[in-house]
$ cat query_2.cif   # mmCIF, C-alpha atoms
data_query
loop_
_atom_site.label_atom_id
_atom_site.label_comp_id
_atom_site.auth_asym_id
_atom_site.auth_seq_id
_atom_site.Cartn_x
_atom_site.Cartn_y
_atom_site.Cartn_z
CA MET A 1 0.00 0.00 0.00
CA LYS A 2 1.29 3.43 -0.95
CA THR A 3 1.18 6.12 1.73
CA ASN A 4 1.32 9.89 1.38
CA LEU A 5 1.26 10.47 5.12
CA ARG A 6 4.72 12.00 5.37
CA ARG A 7 4.17 14.36 2.42
CA LEU A 8 0.74 15.47 3.62
CA ARG A 9 2.00 15.88 7.18
CA PHE A 10 4.37 18.58 5.93
CA GLU A 11 1.91 20.09 3.45
CA ARG A 12 -0.89 20.39 6.01
CA GLU A 13 0.14 22.68 8.87
CA GLU A 14 3.58 21.03 9.22
CA LYS A 15 2.70 18.67 12.01
CA SER A 16 5.44 16.70 13.75
CA GLN A 17 5.18 12.94 14.09
CA GLN A 18 4.51 13.36 17.80
CA GLN A 19 1.75 15.94 17.22
CA LEU A 20 0.06 13.68 14.70
CA ALA A 21 0.47 10.69 17.03
CA ASP A 22 -1.19 12.63 19.87
CA LEU A 23 -4.08 13.66 17.62
CA ALA A 24 -4.69 10.06 16.54
CA SER A 25 -4.03 8.60 20.03
CA VAL A 26 -1.21 6.32 18.89
CA SER A 27 2.52 6.16 19.59
CA ARG A 28 5.08 8.06 17.51
CA GLN A 29 6.57 4.70 16.52
CA THR A 30 3.27 3.79 14.87
CA ILE A 31 3.33 6.98 12.77
CA ILE A 32 6.94 6.19 11.79
CA ALA A 33 5.94 2.61 10.84
CA ILE A 34 3.03 3.86 8.70
CA GLU A 35 5.20 6.46 6.94
CA ARG A 36 7.81 3.81 6.16
CA GLY A 37 5.11 1.50 4.83
CA ASP A 38 5.90 -1.12 7.48
CA TYR A 39 2.41 -1.03 8.97
CA ASN A 40 -1.03 -0.76 7.35
CA PRO A 41 -3.40 1.08 9.70
CA SER A 42 -6.94 -0.04 10.44
CA VAL A 43 -9.85 1.81 8.82
CA LYS A 44 -10.47 3.59 12.13
CA LEU A 45 -6.87 4.83 12.42
CA ALA A 46 -6.77 5.78 8.73
CA LEU A 47 -9.89 7.91 9.25
CA LEU A 48 -8.42 9.49 12.39
CA LEU A 49 -5.19 10.35 10.57
CA ALA A 50 -7.11 11.78 7.62
CA ARG A 51 -9.25 13.89 9.92
CA SER A 52 -6.17 15.12 11.82
CA LEU A 53 -4.62 16.32 8.55
CA ASN A 54 -7.88 17.72 7.11
CA THR A 55 -7.75 15.36 4.17
CA THR A 56 -9.37 12.12 3.01
CA VAL A 57 -8.25 8.52 3.41
CA GLU A 58 -8.01 8.17 -0.38
CA LYS A 59 -5.46 10.99 -0.51
CA LEU A 60 -3.49 9.53 2.41
CA PHE A 61 -3.35 5.95 1.17
CA ASP A 62 -3.58 4.24 -2.17
CA LEU A 63 -3.31 0.69 -3.46
CA GLU A 64 -0.22 -0.36 -5.42
CA GLU A 65 -0.19 -2.71 -8.40
CA SER A 66 1.03 -5.55 -6.17
CA ASP A 67 -1.96 -5.08 -3.83
CA HIS A 68 -4.52 -6.03 -6.48
CA ALA A 69 -5.83 -9.57 -6.15
CA MET B 1 11.59 2.67 26.21
CA ARG B 2 8.89 0.92 28.25
CA LYS B 3 6.02 3.16 29.32
CA ARG B 4 5.63 3.88 33.05
CA ASP B 5 1.91 3.08 33.08
CA PRO B 6 -0.10 1.20 35.76
CA ILE B 7 0.70 -2.14 34.05
CA PHE B 8 4.43 -1.40 34.36
CA TRP B 9 4.10 -0.74 38.11
CA ALA B 10 1.89 -3.83 38.65
CA ALA B 11 4.41 -6.00 36.77
CA THR B 12 7.27 -4.49 38.79
CA ALA B 13 5.39 -5.23 42.03
CA ILE B 14 4.89 -8.89 40.99
CA PHE B 15 8.58 -9.12 40.05
CA VAL B 16 9.73 -7.75 43.42
CA LEU B 17 7.23 -9.99 45.25
CA SER B 18 8.63 -13.05 43.43
CA LEU B 19 12.16 -12.07 44.48
CA VAL B 20 11.16 -11.55 48.11
CA LEU B 21 9.12 -14.78 48.31
CA GLY B 22 11.80 -16.67 46.39
CA GLY B 23 14.44 -15.53 48.88
CA THR B 24 12.43 -15.98 52.08
CA VAL B 25 9.77 -18.67 51.54
CA HIS B 26 10.67 -21.02 48.68
CA GLU B 27 12.65 -20.86 45.46
CA SER B 28 9.57 -21.91 43.47
CA ALA B 29 8.12 -18.43 44.10
CA LEU B 30 10.62 -17.21 41.49
CA LEU B 31 8.21 -18.71 38.93
CA LEU B 32 6.03 -15.67 39.64
CA MET B 33 8.49 -13.70 37.52
CA ALA B 34 6.84 -15.22 34.45
CA PHE B 35 3.58 -13.50 35.47
CA SER B 36 5.31 -10.14 35.71
CA TYR B 37 6.47 -10.54 32.10
CA LEU B 38 3.17 -11.95 30.81
CA LEU B 39 0.93 -9.41 32.58
CA ARG B 40 0.94 -6.84 29.76
CA PRO B 41 0.30 -9.21 26.78
CA THR B 42 -2.31 -11.11 28.80
CA LEU B 43 -4.24 -7.94 29.65
CA TYR B 44 -4.04 -6.82 26.01
CA ALA B 45 -5.24 -10.23 24.77
CA LEU B 46 -8.17 -10.17 27.18
CA GLY B 47 -9.08 -6.66 26.00
CA LEU B 48 -8.70 -5.25 29.52
CA ALA B 49 -5.97 -2.66 28.97
CA ARG B 50 -6.19 -1.66 25.33
CA ARG B 51 -6.01 2.04 26.16
CA TYR B 52 -2.37 1.51 27.10
CA ALA B 53 -1.42 0.28 23.61
CA ASP B 54 -2.26 1.34 20.08
CA GLU B 55 -3.29 -1.07 17.33
CA ARG B 56 0.25 -1.60 15.98
CA GLN B 57 1.58 -2.51 19.43
CA LEU B 58 -1.35 -4.93 19.85
CA THR B 59 -0.60 -6.51 16.46
CA ILE B 60 3.05 -6.97 17.46
CA GLN B 61 2.02 -8.52 20.80
CA PHE B 62 -0.35 -10.98 19.08
CA ARG B 63 2.17 -11.97 16.42
CA SER B 64 4.96 -12.47 18.94
CA GLY B 65 2.52 -14.54 21.03
CA ASN B 66 1.83 -16.82 18.08
CA ILE B 67 5.54 -17.24 17.36
CA ALA B 68 6.23 -17.99 21.04
CA PHE B 69 3.38 -20.54 21.09
CA THR B 70 4.75 -22.38 18.06
CA ILE B 71 8.25 -22.47 19.56
CA LEU B 72 6.85 -23.66 22.91
CA VAL B 73 4.87 -26.48 21.26
CA THR B 74 7.90 -27.52 19.23
CA GLY B 75 10.07 -27.50 22.37
CA ILE B 76 7.56 -29.63 24.29
CA MET B 77 7.39 -32.12 21.39
CA ILE B 78 11.20 -32.43 21.30
CA LEU B 79 11.38 -32.92 25.10
CA ALA B 80 8.55 -35.51 24.98
CA ALA B 81 10.28 -37.41 22.17
CA ASP B 82 13.55 -37.34 24.14
CA ARG B 83 11.78 -38.80 27.19
CA GLU B 84 10.15 -41.53 25.07
CA ILE B 85 13.50 -42.48 23.48
CA ARG B 86 15.04 -42.82 26.96
CA GLY B 87 12.10 -45.01 28.02
CA GLU B 88 10.81 -42.49 30.56
CA PRO B 89 7.15 -41.38 30.87
CA ALA B 90 6.30 -38.20 28.98
CA ASP B 91 2.68 -37.85 30.12
CA ALA B 92 3.18 -34.39 31.61
CA PHE B 93 4.55 -33.10 28.29
CA TYR B 94 1.61 -34.59 26.36
CA ALA B 95 -0.82 -33.03 28.83
CA LEU B 96 0.85 -29.62 28.41
CA LEU B 97 0.78 -30.00 24.64
CA CYS B 98 -2.92 -30.92 24.61
CA ILE B 99 -3.87 -28.09 26.99
CA GLY B 100 -2.02 -25.52 24.87
CA LEU B 101 -3.50 -26.72 21.58
CA ALA B 102 -7.00 -27.06 23.05
CA ALA B 103 -6.81 -23.56 24.52
CA LYS B 104 -5.79 -22.14 21.13
CA ALA B 105 -8.55 -24.03 19.31
CA LEU B 106 -11.13 -22.91 21.88
CA ALA B 107 -10.03 -19.27 21.77
CA ASN B 108 -10.06 -19.35 17.94
CA ARG B 109 -13.67 -20.48 17.89
CA LEU B 110 -14.89 -18.29 20.75
CA LEU B 111 -13.35 -15.10 19.35
CA GLY B 112 -15.51 -15.66 16.23
CA LYS B 113 -18.54 -14.97 18.51
CA ASP B 114 -20.66 -17.42 16.55
CA TRP B 115 -21.88 -18.91 19.82
CA ARG B 116 -24.21 -21.82 19.03
CA PRO B 117 -22.21 -23.35 16.14
CA THR B 118 -19.13 -22.94 18.36
CA GLY B 119 -20.87 -24.84 21.18
CA ILE B 120 -21.77 -27.69 18.82
CA THR B 121 -18.23 -27.81 17.42
CA ILE B 122 -16.71 -27.99 20.92
CA VAL B 123 -19.04 -30.81 22.01
CA LEU B 124 -18.39 -32.79 18.82
CA ALA B 125 -14.61 -32.25 19.12
CA VAL B 126 -14.56 -33.48 22.75
CA ALA B 127 -16.79 -36.41 21.73
CA ALA B 128 -14.48 -37.32 18.85
CA LEU B 129 -11.42 -37.22 21.14
CA MET B 130 -13.14 -39.34 23.81
CA THR B 131 -14.24 -41.90 21.21
CA LEU B 132 -10.79 -41.96 19.64
CA PHE B 133 -8.99 -42.47 22.96
CA GLY B 134 -11.50 -45.18 23.93
CA LEU B 135 -10.80 -47.07 20.71
CA ILE B 136 -7.02 -46.57 20.97
CA GLU B 137 -6.99 -47.95 24.52
CA GLU B 138 -9.05 -51.06 23.82
CA GLY B 139 -8.88 -51.51 20.05
CA LEU B 140 -11.75 -52.43 17.74
CA SER B 141 -13.50 -54.77 20.16
CA PHE B 142 -16.53 -54.86 22.45
CA GLY B 143 -14.35 -53.37 25.20
CA GLY B 144 -13.28 -50.61 22.83
CA PHE B 145 -16.92 -49.91 21.97
CA MET B 146 -17.81 -49.70 25.68
CA HIS B 147 -14.87 -47.34 26.30
CA SER B 148 -15.91 -45.12 23.41
CA LEU B 149 -19.60 -45.13 24.42
CA PRO B 150 -19.42 -41.90 26.52
CA GLY B 151 -17.89 -40.16 23.52
CA LEU B 152 -20.61 -41.46 21.22
CA LEU B 153 -23.32 -40.31 23.64
CA LEU B 154 -21.70 -36.89 23.77
CA ALA B 155 -21.69 -36.82 19.96
CA VAL B 156 -25.46 -37.45 20.02
CA ILE B 157 -25.85 -34.48 22.40
CA GLY B 158 -23.75 -32.38 20.01
CA VAL B 159 -25.91 -33.33 17.01
CA THR B 160 -29.04 -32.55 19.08
CA GLY B 161 -27.64 -29.01 19.41
CA PHE B 162 -28.38 -28.31 15.72
CA ARG B 163 -32.13 -28.49 16.39
CA TYR B 164 -32.49 -28.06 20.15
CA PRO B 165 -29.51 -25.96 21.31
CA ARG B 166 -30.87 -25.15 24.78
CA ILE B 167 -31.63 -28.80 25.59
CA ALA B 168 -28.17 -29.74 24.25
CA GLY B 169 -26.68 -27.02 26.45
CA ILE B 170 -28.33 -28.44 29.57
CA LEU B 171 -27.29 -32.01 28.65
CA THR B 172 -23.72 -30.86 27.97
CA ALA B 173 -23.50 -29.15 31.37
CA ALA B 174 -24.89 -32.34 32.96
CA ALA B 175 -22.28 -34.40 31.08
CA ALA B 176 -19.52 -32.08 32.36
CA CYS B 177 -20.79 -32.43 35.95
CA PHE B 178 -20.98 -36.22 35.53
CA ALA B 179 -17.42 -36.30 34.15
CA ILE B 180 -16.16 -34.29 37.14
CA TYR B 181 -17.89 -36.67 39.56
CA PHE B 182 -17.05 -39.92 37.72
CA PHE B 183 -13.38 -39.15 36.98
CA GLN B 184 -12.94 -37.19 40.26
CA LEU B 185 -11.62 -34.18 38.38
CA PHE B 186 -11.60 -31.90 41.42
CA THR B 187 -8.09 -32.98 42.52
CA LEU B 188 -4.94 -31.18 41.42
CA ARG B 189 -3.63 -34.42 39.92
CA GLN B 190 -6.58 -34.50 37.54
CA LEU B 191 -6.15 -30.87 36.49
CA PRO B 192 -5.17 -31.69 32.86
CA THR B 193 -8.26 -33.87 32.39
CA PHE B 194 -10.41 -31.18 34.03
CA LEU B 195 -9.02 -28.56 31.65
CA LEU B 196 -9.37 -30.77 28.58
CA LEU B 197 -12.76 -32.32 29.32
CA ALA B 198 -14.87 -30.39 31.82
CA VAL B 199 -13.90 -26.80 30.98
CA PRO B 200 -14.59 -27.08 27.20
CA LEU B 201 -17.91 -28.80 27.92
CA PHE B 202 -18.98 -26.05 30.34
CA ILE B 203 -18.00 -23.40 27.79
CA ALA B 204 -19.94 -25.30 25.10
CA ALA B 205 -22.96 -25.54 27.41
CA ILE B 206 -22.93 -21.76 27.97
CA CYS B 207 -22.58 -21.13 24.20
CA LEU B 208 -25.47 -23.48 23.40
CA TYR B 209 -27.79 -22.24 26.12
CA PHE B 210 -27.20 -18.49 25.97
CA GLY B 211 -26.27 -18.09 22.27
CA LYS B 212 -28.76 -16.14 20.17
CA GLU B 213 -31.11 -17.89 17.75
CA SER B 214 -29.48 -16.10 14.83
CA ASP B 215 -25.98 -14.64 15.02
CA GLU B 216 -26.49 -12.61 11.86
CA ALA B 217 -26.16 -8.85 12.37
CA PRO B 218 -29.47 -6.95 12.10
CA ARG B 219 -30.28 -5.28 8.79
CA PRO B 220 -29.17 -1.64 8.88
CA ALA B 221 -31.92 0.97 8.92
CA ALA B 222 -32.55 2.70 5.58
#
$ encode --input "query_2.cif" --output "structure tokens"
Amino acid sequence: MKTNLRRLRFEREEKSQQQLADLASVSRQTIIAIERGDYNPSVKLALLLARSLNTTVEKLFDLEESDHA
Amino acid sequence: MRKRDPIFWAATAIFVLSLVLGGTVHESALLLMAFSYLLRPTLYALGLARRYADERQLTIQFRSGNIAFTILVTGIMILAADREIRGEPADAFYALLCIGLAAKALANRLLGKDWRPTGITIVLAVAALMTLFGLIEEGLSFGGFMHSLPGLLLAVIGVTGFRYPRIAGILTAAAACFAIYFFQLFTLRQLPTFLLLAVPLFIAAICLYFGKESDEAPRPAA
């Protein structure tokens, strides 16, 4: 899964990883893991992250060719 | 770095207690240390302390638990085989193995929250194991049939659960009570049999009796 979290985090109000983590009630390590593509968040967390950055889940995350069944 | 939350302090208290008891009362109290380590993942798994971990940390805990379980089962199998090769009894290892596998199978079914089918599956699984062990002990003979009879009767109760789940639930609970009385499962020596026979049957009885008629989610309002 492709993630635009890092890019949008800087584009939208320049939030730090810790600030975003606090807004979504997760650890900073989880934000790091999502940005690196090591962890796919749940729908709930994806929505929370999108809301924290005033964007949509579709803009935050996208499927890659390899994700298609 | 580990968070200094209430779980951390509770685990630390258990650790210190194990050291104190291990030094003053008996060395076996040092086994309590295992609880201090397992407190956090156990609370997470039971859903009692999820506010102290986010979803990624929970995922890591569950995956590491599965890996640890597989390694533990493999280790027990190797130790049991070693005992058998040396001609020593390995019953305790087999009991541990069965309890671990049964607990995993039970948890797998129960976490699906499909209560009545789960109850039937548990009863039929216990019945199949009882029948199998009866036949293994005595072979395909009249004696073997008599030994496997309780398992066959339990299977009938399980099949009854498809049509009359509440009656099957009551009969299953009665069967569990009878097993406790007949095999005298209330002693510590019989703990493995109690855990493998009576506990699953009581859980199945609760699932069959209290499970809803239909486990399908209600149709959402338009």
$ residues_around --input "query_2.cif" --residues "Asn4 (chain A)" --least-positions-apart "5" --cutoff "8 Å" --atoms "only C-alpha atoms" --output "PyMOL selection string"
chain A and resi 35+59-61
$ resolve_selection --input "query_2.cif" --expression "the PyMOL selection byres ((chain A and resi 12-26) around 10)" --output "PDB file with C-alpha atoms, in the coordinates of the input"
ATOM      1  CA  ARG A   6       4.720  12.000   5.370  1.00  0.00           C
ATOM      2  CA  ARG A   7       4.170  14.360   2.420  1.00  0.00           C
ATOM      3  CA  LEU A   8       0.740  15.470   3.620  1.00  0.00           C
ATOM      4  CA  ARG A   9       2.000  15.880   7.180  1.00  0.00           C
ATOM      5  CA  PHE A  10       4.370  18.580   5.930  1.00  0.00           C
ATOM      6  CA  GLU A  11       1.910  20.090   3.450  1.00  0.00           C
ATOM      7  CA  SER A  27       2.520   6.160  19.590  1.00  0.00           C
ATOM      8  CA  ARG A  28       5.080   8.060  17.510  1.00  0.00           C
ATOM      9  CA  GLN A  29       6.570   4.700  16.520  1.00  0.00           C
ATOM     10  CA  THR A  30       3.270   3.790  14.870  1.00  0.00           C
ATOM     11  CA  ILE A  31       3.330   6.980  12.770  1.00  0.00           C
ATOM     12  CA  ILE A  32       6.940   6.190  11.790  1.00  0.00           C
ATOM     13  CA  GLU A  35       5.200   6.460   6.940  1.00  0.00           C
ATOM     14  CA  LYS A  44     -10.470   3.590  12.130  1.00  0.00           C
ATOM     15  CA  LEU A  45      -6.870   4.830  12.420  1.00  0.00           C
ATOM     16  CA  ALA A  46      -6.770   5.780   8.730  1.00  0.00           C
ATOM     17  CA  LEU A  47      -9.890   7.910   9.250  1.00  0.00           C
ATOM     18  CA  LEU A  48      -8.420   9.490  12.390  1.00  0.00           C
ATOM     19  CA  LEU A  49      -5.190  10.350  10.570  1.00  0.00           C
ATOM     20  CA  ALA A  50      -7.110  11.780   7.620  1.00  0.00           C
ATOM     21  CA  ARG A  51      -9.250  13.890   9.920  1.00  0.00           C
ATOM     22  CA  SER A  52      -6.170  15.120  11.820  1.00  0.00           C
ATOM     23  CA  LEU A  53      -4.620  16.320   8.550  1.00  0.00           C
ATOM     24  CA  ASN A  54      -7.880  17.720   7.110  1.00  0.00           C
ATOM     25  CA  THR A  55      -7.750  15.360   4.170  1.00  0.00           C
TER      26      THR A  55
ATOM     27  CA  ARG B  51      -6.010   2.040  26.160  1.00  0.00           C
ATOM     28  CA  TYR B  52      -2.370   1.510  27.100  1.00  0.00           C
ATOM     29  CA  ALA B  53      -1.420   0.280  23.610  1.00  0.00           C
ATOM     30  CA  ASP B  54      -2.260   1.340  20.080  1.00  0.00           C
ATOM     31  CA  GLU B  55      -3.290  -1.070  17.330  1.00  0.00           C
ATOM     32  CA  ARG B  56       0.250  -1.600  15.980  1.00  0.00           C
ATOM     33  CA  GLN B  57       1.580  -2.510  19.430  1.00  0.00           C
TER      34      GLN B  57
END
$ resolve_selection --input "query_2.cif" --expression "the PyMOL selection byres ((chain B and resi 146-157) around 6)" --output "ChimeraX atom specification"
/B:124,127,130-131,134,143-145,158-160,168
$ write_last_selection --input "query_2.cif" --atoms "C-alpha atoms" --output "mmCIF file, keeping the file's coordinate frame"
data_model
loop_
_atom_site.group_PDB
_atom_site.id
_atom_site.type_symbol
_atom_site.label_atom_id
_atom_site.label_comp_id
_atom_site.auth_asym_id
_atom_site.auth_seq_id
_atom_site.Cartn_x
_atom_site.Cartn_y
_atom_site.Cartn_z
ATOM 1 C CA LEU B 124 -18.390 -32.790 18.820
ATOM 2 C CA ALA B 127 -16.790 -36.410 21.730
ATOM 3 C CA MET B 130 -13.140 -39.340 23.810
ATOM 4 C CA THR B 131 -14.240 -41.900 21.210
ATOM 5 C CA GLY B 134 -11.500 -45.180 23.930
ATOM 6 C CA GLY B 143 -14.350 -53.370 25.200
ATOM 7 C CA GLY B 144 -13.280 -50.610 22.830
ATOM 8 C CA PHE B 145 -16.920 -49.910 21.970
ATOM 9 C CA GLY B 158 -23.750 -32.380 20.010
ATOM 10 C CA VAL B 159 -25.910 -33.330 17.010
ATOM 11 C CA THR B 160 -29.040 -32.550 19.080
ATOM 12 C CA ALA B 168 -28.170 -29.740 24.250
#
$ atom_distance --input "query_2.cif" --atom1 "CA of Val25 (chain B)" --atom2 "CA of Ala11 (chain B)"
20.2 Å
$ closest_residue --input "query_2.cif" --among "B:Ile60, B:Ile206, B:Ile120, B:Ile85" --to "chain A" --atoms "all atoms listed in the file"
B:Ile60
$ closest_residue --input "query_2.cif" --among "B:Leu32, B:Leu106, B:Cys98, B:Ile136" --to "Ile122 (chain B)" --atoms "all atoms listed in the file"
B:Leu106
$ atom_distance --input "query_2.cif" --atom1 "CA of Ala198 (chain B)" --atom2 "CA of Lys212 (chain B)"
23.1 Å
$ atom_distance --input "query_2.cif" --atom1 "CA of Ala13 (chain B)" --atom2 "CA of Phe62 (chain B)"
24.3 Å
$ closest_residue --input "query_2.cif" --among "B:Leu31, B:Leu58, B:Val16, B:Leu21" --to "chain A" --atoms "only C-alpha atoms"
B:Leu58
$ resolve_selection --input "query_2.cif" --expression "the PyMOL selection byres ((chain B and resi 110-113) around 10)" --output "PyMOL selection string"
chain B and resi 104-109+114-119+122+203-204+207+211+215
$ residues_around --input "query_2.cif" --residues "Gly169 (chain B)" --least-positions-apart "3" --cutoff "6 Å" --atoms "all atoms listed in the file" --output "PyMOL selection string"
chain B and resi 165-166+172+205+208-209
$ closest_residue --input "query_2.cif" --among "B:Leu197, B:Phe8, B:Thr70, B:Leu38" --to "Gln184 (chain B)" --atoms "only C-alpha atoms"
B:Leu197
$ closest_residue --input "query_2.cif" --among "B:Thr59, B:Ala179, B:Leu39, B:Leu72" --to "chain A" --atoms "only C-alpha atoms"
B:Thr59
$ residues_around --input "query_2.cif" --residues "Ile71 (chain B)" --least-positions-apart "6" --cutoff "12 Å" --atoms "only C-alpha atoms" --output "ChimeraX atom specification"
/B:64-65,77-78,97,100
$ write_last_selection --input "query_2.cif" --atoms "C-alpha atoms" --output "CSV table (one decimal), in the frame of the given file"
chain,number,residue,atom,x,y,z
B,64,SER,CA,5.0,-12.5,18.9
B,65,GLY,CA,2.5,-14.5,21.0
B,77,MET,CA,7.4,-32.1,21.4
B,78,ILE,CA,11.2,-32.4,21.3
B,97,LEU,CA,0.8,-30.0,24.6
B,100,GLY,CA,-2.0,-25.5,24.9
